[in-house]
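Structure data follow from target.cif (mmCIF, C-alpha atoms):
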data_target
#
loop_
_atom_site.label_atom_id
_atom_site.label_comp_id
_atom_site.auth_asym_id
_atom_site.auth_seq_id
_atom_site.Cartn_x
_atom_site.Cartn_y
_atom_site.Cartn_z
CA MET A 1 -18.35 47.26 94.73
CA ASN A 2 -15.26 49.33 94.12
CA THR A 3 -14.89 51.64 97.11
CA GLY A 4 -11.72 53.33 95.98
CA SER A 5 -13.06 54.98 92.85
CA ASP A 6 -16.10 55.34 90.64
CA GLU A 7 -14.08 54.00 87.71
CA PRO A 8 -14.55 50.26 86.95
CA GLY A 9 -11.62 47.91 86.94
CA GLU A 10 -9.11 50.01 88.85
CA VAL A 11 -6.61 48.36 91.16
CA ALA A 12 -5.34 50.10 94.26
CA VAL A 13 -1.59 50.70 93.98
CA ALA A 14 0.70 51.35 96.90
CA PRO A 15 3.13 54.32 96.74
CA ASP A 16 5.99 51.96 95.89
CA GLY A 17 4.07 50.70 92.83
CA ALA A 18 3.03 47.33 94.27
CA ALA A 19 -0.61 46.32 93.85
CA ASP A 20 -2.68 46.06 97.02
CA GLU A 21 -3.31 42.36 97.40
CA THR A 22 -5.97 40.71 99.50
CA ARG A 23 -4.71 38.53 102.34
CA ALA A 24 -5.98 35.02 103.01
CA ASP A 25 -8.30 36.24 105.80
CA GLY A 26 -10.10 38.55 103.35
CA ALA A 27 -8.54 41.73 104.67
CA ARG A 28 -6.73 44.06 102.35
CA GLY A 29 -3.30 45.27 103.28
CA GLY A 30 -3.59 48.01 105.90
CA GLN A 31 -7.35 48.51 105.47
CA GLY A 32 -8.54 46.10 108.16
CA LEU A 33 -11.35 44.34 106.31
CA GLY A 34 -12.70 41.22 107.92
CA SER A 35 -13.95 40.02 111.27
CA LYS A 36 -13.23 42.12 114.34
CA ALA A 37 -14.10 39.21 116.65
CA PRO A 38 -11.57 38.34 119.36
CA GLU A 39 -8.95 35.79 118.36
CA PHE A 40 -10.19 33.09 120.76
CA ILE A 41 -13.61 33.26 119.04
CA LYS A 42 -12.11 33.16 115.54
CA ALA A 43 -10.04 30.12 116.53
CA ARG A 44 -13.14 27.97 117.11
CA ARG A 45 -15.34 27.55 114.04
CA ALA A 46 -18.61 26.83 115.88
CA LEU A 47 -18.07 29.74 118.26
CA HIS A 48 -17.21 32.07 115.39
CA LEU A 49 -20.30 31.02 113.45
CA SER A 50 -22.44 31.64 116.55
CA TRP A 51 -20.75 35.04 116.95
CA GLN A 52 -21.54 35.92 113.33
CA VAL A 53 -25.17 34.85 113.71
CA GLY A 54 -25.46 36.96 116.87
CA VAL A 55 -23.91 40.01 115.20
CA PHE A 56 -26.19 39.57 112.20
CA VAL A 57 -29.34 39.27 114.34
CA ILE A 58 -28.44 42.30 116.49
CA GLY A 59 -27.54 44.36 113.40
CA LEU A 60 -30.76 43.28 111.70
CA ALA A 61 -32.81 44.32 114.73
CA VAL A 62 -31.16 47.75 114.75
CA VAL A 63 -31.63 48.22 110.99
CA VAL A 64 -35.30 47.18 111.21
CA ALA A 65 -35.81 49.62 114.11
CA GLY A 66 -34.26 52.35 111.94
CA ILE A 67 -36.54 51.48 109.02
CA ILE A 68 -39.53 51.68 111.36
CA MET A 69 -38.30 55.09 112.56
CA LEU A 70 -38.14 56.52 109.03
CA PRO A 71 -41.85 57.46 108.88
CA LEU A 72 -42.16 57.76 112.66
CA PRO A 73 -40.44 60.23 114.98
CA GLY A 74 -36.88 59.21 115.62
CA PRO A 75 -33.42 59.24 114.05
CA GLY A 76 -34.16 56.59 111.40
CA TRP A 77 -31.11 57.02 109.16
CA VAL A 78 -28.74 57.32 112.10
CA VAL A 79 -30.07 54.05 113.54
CA ILE A 80 -29.84 52.31 110.14
CA PHE A 81 -26.20 53.37 109.79
CA GLY A 82 -25.64 52.20 113.37
CA GLY A 83 -26.94 48.77 112.39
CA MET A 84 -24.65 48.79 109.37
CA ALA A 85 -21.75 49.62 111.67
CA ILE A 86 -22.68 46.65 113.86
CA TRP A 87 -22.66 44.41 110.78
CA ALA A 88 -19.36 45.96 109.68
CA THR A 89 -17.66 44.58 112.78
CA GLU A 90 -18.05 41.12 111.29
CA PHE A 91 -18.91 41.20 107.58
CA VAL A 92 -16.72 42.52 104.76
CA TRP A 93 -19.71 43.45 102.57
CA ALA A 94 -21.03 45.74 105.32
CA GLN A 95 -17.57 47.29 105.76
CA LEU A 96 -17.45 48.07 102.04
CA VAL A 97 -20.99 49.52 102.04
CA LEU A 98 -20.20 51.63 105.11
CA ARG A 99 -16.94 52.87 103.59
CA TRP A 100 -18.71 53.79 100.34
CA THR A 101 -21.47 55.59 102.30
CA LYS A 102 -18.96 57.55 104.39
CA ARG A 103 -17.15 58.62 101.22
CA LYS A 104 -20.38 59.77 99.54
CA VAL A 105 -21.52 61.67 102.66
CA THR A 106 -18.13 63.41 102.88
CA GLU A 107 -18.32 64.37 99.20
CA ALA A 108 -21.87 65.71 99.66
CA ALA A 109 -20.79 67.73 102.69
CA GLN A 110 -17.91 69.25 100.71
CA ARG A 111 -20.27 70.14 97.86
CA ALA A 112 -22.74 71.69 100.33
CA LEU A 113 -19.99 73.95 101.70
CA ASP A 114 -19.37 75.41 98.24
CA PRO A 115 -20.42 79.11 98.40
CA ALA A 116 -22.41 78.94 95.14
CA VAL A 117 -24.35 75.90 96.33
CA ARG A 118 -25.00 77.52 99.71
CA ARG A 119 -26.31 80.67 98.03
CA ARG A 120 -28.59 78.59 95.80
CA ASN A 121 -29.90 76.62 98.79
CA ILE A 122 -30.58 79.81 100.75
CA VAL A 123 -32.45 81.33 97.79
CA LEU A 124 -34.53 78.17 97.25
CA THR A 125 -35.34 77.93 100.96
CA SER A 126 -36.38 81.59 101.04
CA ILE A 127 -38.64 81.13 98.00
CA GLY A 128 -40.18 78.03 99.60
CA LEU A 129 -40.84 79.91 102.83
CA VAL A 130 -42.49 82.79 100.95
CA VAL A 131 -44.75 80.34 99.09
CA VAL A 132 -45.75 78.51 102.31
CA ILE A 133 -46.38 81.76 104.20
CA THR A 134 -48.48 83.06 101.28
CA LEU A 135 -50.58 79.88 101.18
CA VAL A 136 -51.12 79.95 104.96
CA GLY A 137 -52.07 83.66 104.73
CA ILE A 138 -54.61 82.97 101.96
CA TYR A 139 -56.10 80.11 103.99
CA VAL A 140 -56.40 82.21 107.16
CA TRP A 141 -57.87 85.13 105.17
CA LYS A 142 -60.51 82.88 103.54
CA PHE A 143 -61.43 80.56 106.42
CA GLY A 144 -60.02 82.21 109.53
CA ALA A 145 -58.16 80.17 112.12
CA VAL A 146 -60.42 77.12 111.63
CA MET A 147 -58.90 73.70 111.04
CA PRO A 148 -59.71 72.08 107.66
CA TRP A 149 -61.70 69.23 109.23
CA LYS A 150 -64.07 71.74 110.89
CA ILE A 151 -64.89 73.66 107.69
CA LYS A 152 -68.45 72.93 106.53
CA ASP A 153 -69.74 74.40 103.28
CA GLN A 154 -68.17 77.83 103.50
#
Go ahead and render the structure in this file as structure tokens.
Amino acid sequence: MNTGSDEPGEVAVAPDGAADETRADGARGGQGLGSKAPEFIKARRALHLSWQVGVFVIGLAVVVAGIIMLPLPGPGWVVIFGGMAIWATEFVWAQLVLRWTKRKVTEAAQRALDPAVRRRNIVLTSIGLVVVITLVGIYVWKFGAVMPWKIKDQ
């Protein structure tokens, strides 16, 4: 996944013209990719593996809770992104996904602030409200204030 651009095959270039190379620990120069675990945990392989398993399990639990909240009341997407942020403290793939998501959300927010798009959204919302209010009015006029499950052969 190329998080710097939508164009395939691009290489990030520093202002001085040098290519951005990946360090041995998997982090890119200045971007901080890789494990955020304390150094004493990273120094011991078994402890670091246990740390990664713990981070993965906690992140998985949070993501699953967010998925459950999608159809139920609750901030489903916020919780899912919270789980991704937990994973991003330890896993490079999650850091890249989170970075890509943040970039796309920022772009969408900038597009939504465009006056033409805002006008269009306001017009579409107004039309939708008029349609819903008309349908509710027709229903109340025909059946009165009776719930649909109490209507019998009218």
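Here CA of Ile127 (chain A) and CA of Ala108 (chain A) stand 22.8 Å from one another.
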Point to revise | For CA of Trp87 (chain A) and CA of Lys42 (chain A), the interatomic separation in Å (one decimal) | key: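 According to the coordinates, CA of Trp87 (chain A) and CA of Lys42 (chain A) are separated by 16.1 Å.
Among the candidates A:Trp77, A:Arg99, A:Ala88, A:Lys142, the one nearest to Ile58 (chain A) when counting all atoms listed in the file is A:Ala88.
The space between CA of Leu72 (chain A) and CA of Ala85 (chain A) spans 22.0 Å.
Shortest atom-to-atom contact with Thr89 (chain A) among A:Phe40, A:Trp149, A:Trp51, A:Phe143: A:Trp51, counting all atoms listed in the file.
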Practice item. Can you work out which one of A:Trp100, A:Leu135, A:Pro75, A:Phe91 has the shortest atom-to-atom distance to Leu49 (chain A), counting all atoms listed in the file? Key: A:Phe91
Check your understanding: Taking (-15.3, 38.3, 116.3) in the file's coordinates, which residues come within 9 Å, counting all atoms listed in the file, written as a PyMOL selection string?
Key -> chain A and resi 35-42+48+51-52+55+89-90
Practice item. List the residues selected by the PyMOL selection byres ((chain A and resi 62) around 10) in the file shown, writing them as a list in words. Key: Phe56, Val57, Ile58, Gly59, Leu60, Ala61, Val63, Val64, Ala65, Gly66, Ile67, Ile68, Gly76, Val79, Ile80, Phe81, Gly82, Gly83, Met84, Ile86 and Trp87 of chain A
Only N, CA, C and O atoms, please: region 86-99 of chain A from the block, as a PDB file, in the first residue's frame.
ATOM      1  N   ILE A  86      -4.757   1.092  18.258  1.00  0.00           N
ATOM      2  CA  ILE A  86      -4.072   0.196  19.194  1.00  0.00           C
ATOM      3  C   ILE A  86      -3.120  -0.707  18.425  1.00  0.00           C
ATOM      4  O   ILE A  86      -1.953  -0.881  18.810  1.00  0.00           O
ATOM      5  N   TRP A  87      -3.585  -1.288  17.326  1.00  0.00           N
ATOM      6  CA  TRP A  87      -2.712  -2.135  16.504  1.00  0.00           C
ATOM      7  C   TRP A  87      -1.546  -1.330  15.946  1.00  0.00           C
ATOM      8  O   TRP A  87      -0.439  -1.836  15.805  1.00  0.00           O
ATOM      9  N   ALA A  88      -1.792  -0.070  15.614  1.00  0.00           N
ATOM     10  CA  ALA A  88      -0.746   0.764  15.000  1.00  0.00           C
ATOM     11  C   ALA A  88       0.389   1.061  15.963  1.00  0.00           C
ATOM     12  O   ALA A  88       1.465   1.462  15.531  1.00  0.00           O
ATOM     13  N   THR A  89       0.181   0.858  17.257  1.00  0.00           N
ATOM     14  CA  THR A  89       1.295   1.053  18.182  1.00  0.00           C
ATOM     15  C   THR A  89       2.344  -0.034  18.026  1.00  0.00           C
ATOM     16  O   THR A  89       3.472   0.139  18.484  1.00  0.00           O
ATOM     17  N   GLU A  90       1.997  -1.130  17.357  1.00  0.00           N
ATOM     18  CA  GLU A  90       2.920  -2.250  17.275  1.00  0.00           C
ATOM     19  C   GLU A  90       3.171  -2.763  15.861  1.00  0.00           C
ATOM     20  O   GLU A  90       4.227  -3.294  15.581  1.00  0.00           O
ATOM     21  N   PHE A  91       2.213  -2.605  14.955  1.00  0.00           N
ATOM     22  CA  PHE A  91       2.314  -3.239  13.650  1.00  0.00           C
ATOM     23  C   PHE A  91       2.377  -2.190  12.541  1.00  0.00           C
ATOM     24  O   PHE A  91       1.554  -1.275  12.488  1.00  0.00           O
ATOM     25  N   VAL A  92       3.334  -2.362  11.632  1.00  0.00           N
ATOM     26  CA  VAL A  92       3.539  -1.408  10.542  1.00  0.00           C
ATOM     27  C   VAL A  92       2.337  -1.407   9.609  1.00  0.00           C
ATOM     28  O   VAL A  92       1.899  -0.348   9.156  1.00  0.00           O
ATOM     29  N   TRP A  93       1.759  -2.575   9.310  1.00  0.00           N
ATOM     30  CA  TRP A  93       0.617  -2.626   8.400  1.00  0.00           C
ATOM     31  C   TRP A  93      -0.538  -1.787   8.940  1.00  0.00           C
ATOM     32  O   TRP A  93      -1.225  -1.114   8.169  1.00  0.00           O
ATOM     33  N   ALA A  94      -0.760  -1.809  10.239  1.00  0.00           N
ATOM     34  CA  ALA A  94      -1.848  -1.016  10.828  1.00  0.00           C
ATOM     35  C   ALA A  94      -1.503   0.472  10.772  1.00  0.00           C
ATOM     36  O   ALA A  94      -2.391   1.310  10.571  1.00  0.00           O
ATOM     37  N   GLN A  95      -0.232   0.813  10.937  1.00  0.00           N
ATOM     38  CA  GLN A  95       0.183   2.211  10.832  1.00  0.00           C
ATOM     39  C   GLN A  95      -0.071   2.731   9.426  1.00  0.00           C
ATOM     40  O   GLN A  95      -0.560   3.866   9.247  1.00  0.00           O
ATOM     41  N   LEU A  96       0.224   1.912   8.422  1.00  0.00           N
ATOM     42  CA  LEU A  96       0.005   2.328   7.038  1.00  0.00           C
ATOM     43  C   LEU A  96      -1.483   2.466   6.731  1.00  0.00           C
ATOM     44  O   LEU A  96      -1.902   3.422   6.075  1.00  0.00           O
ATOM     45  N   VAL A  97      -2.291   1.517   7.212  1.00  0.00           N
ATOM     46  CA  VAL A  97      -3.741   1.595   6.996  1.00  0.00           C
ATOM     47  C   VAL A  97      -4.306   2.828   7.684  1.00  0.00           C
ATOM     48  O   VAL A  97      -5.123   3.560   7.118  1.00  0.00           O
ATOM     49  N   LEU A  98      -3.874   3.094   8.908  1.00  0.00           N
ATOM     50  CA  LEU A  98      -4.363   4.249   9.653  1.00  0.00           C
ATOM     51  C   LEU A  98      -3.944   5.552   8.979  1.00  0.00           C
ATOM     52  O   LEU A  98      -4.737   6.487   8.874  1.00  0.00           O
ATOM     53  N   ARG A  99      -2.719   5.609   8.488  1.00  0.00           N
ATOM     54  CA  ARG A  99      -2.241   6.806   7.788  1.00  0.00           C
ATOM     55  C   ARG A  99      -3.051   7.046   6.516  1.00  0.00           C
ATOM     56  O   ARG A  99      -3.460   8.169   6.230  1.00  0.00           O
TER      57      ARG A  99
END
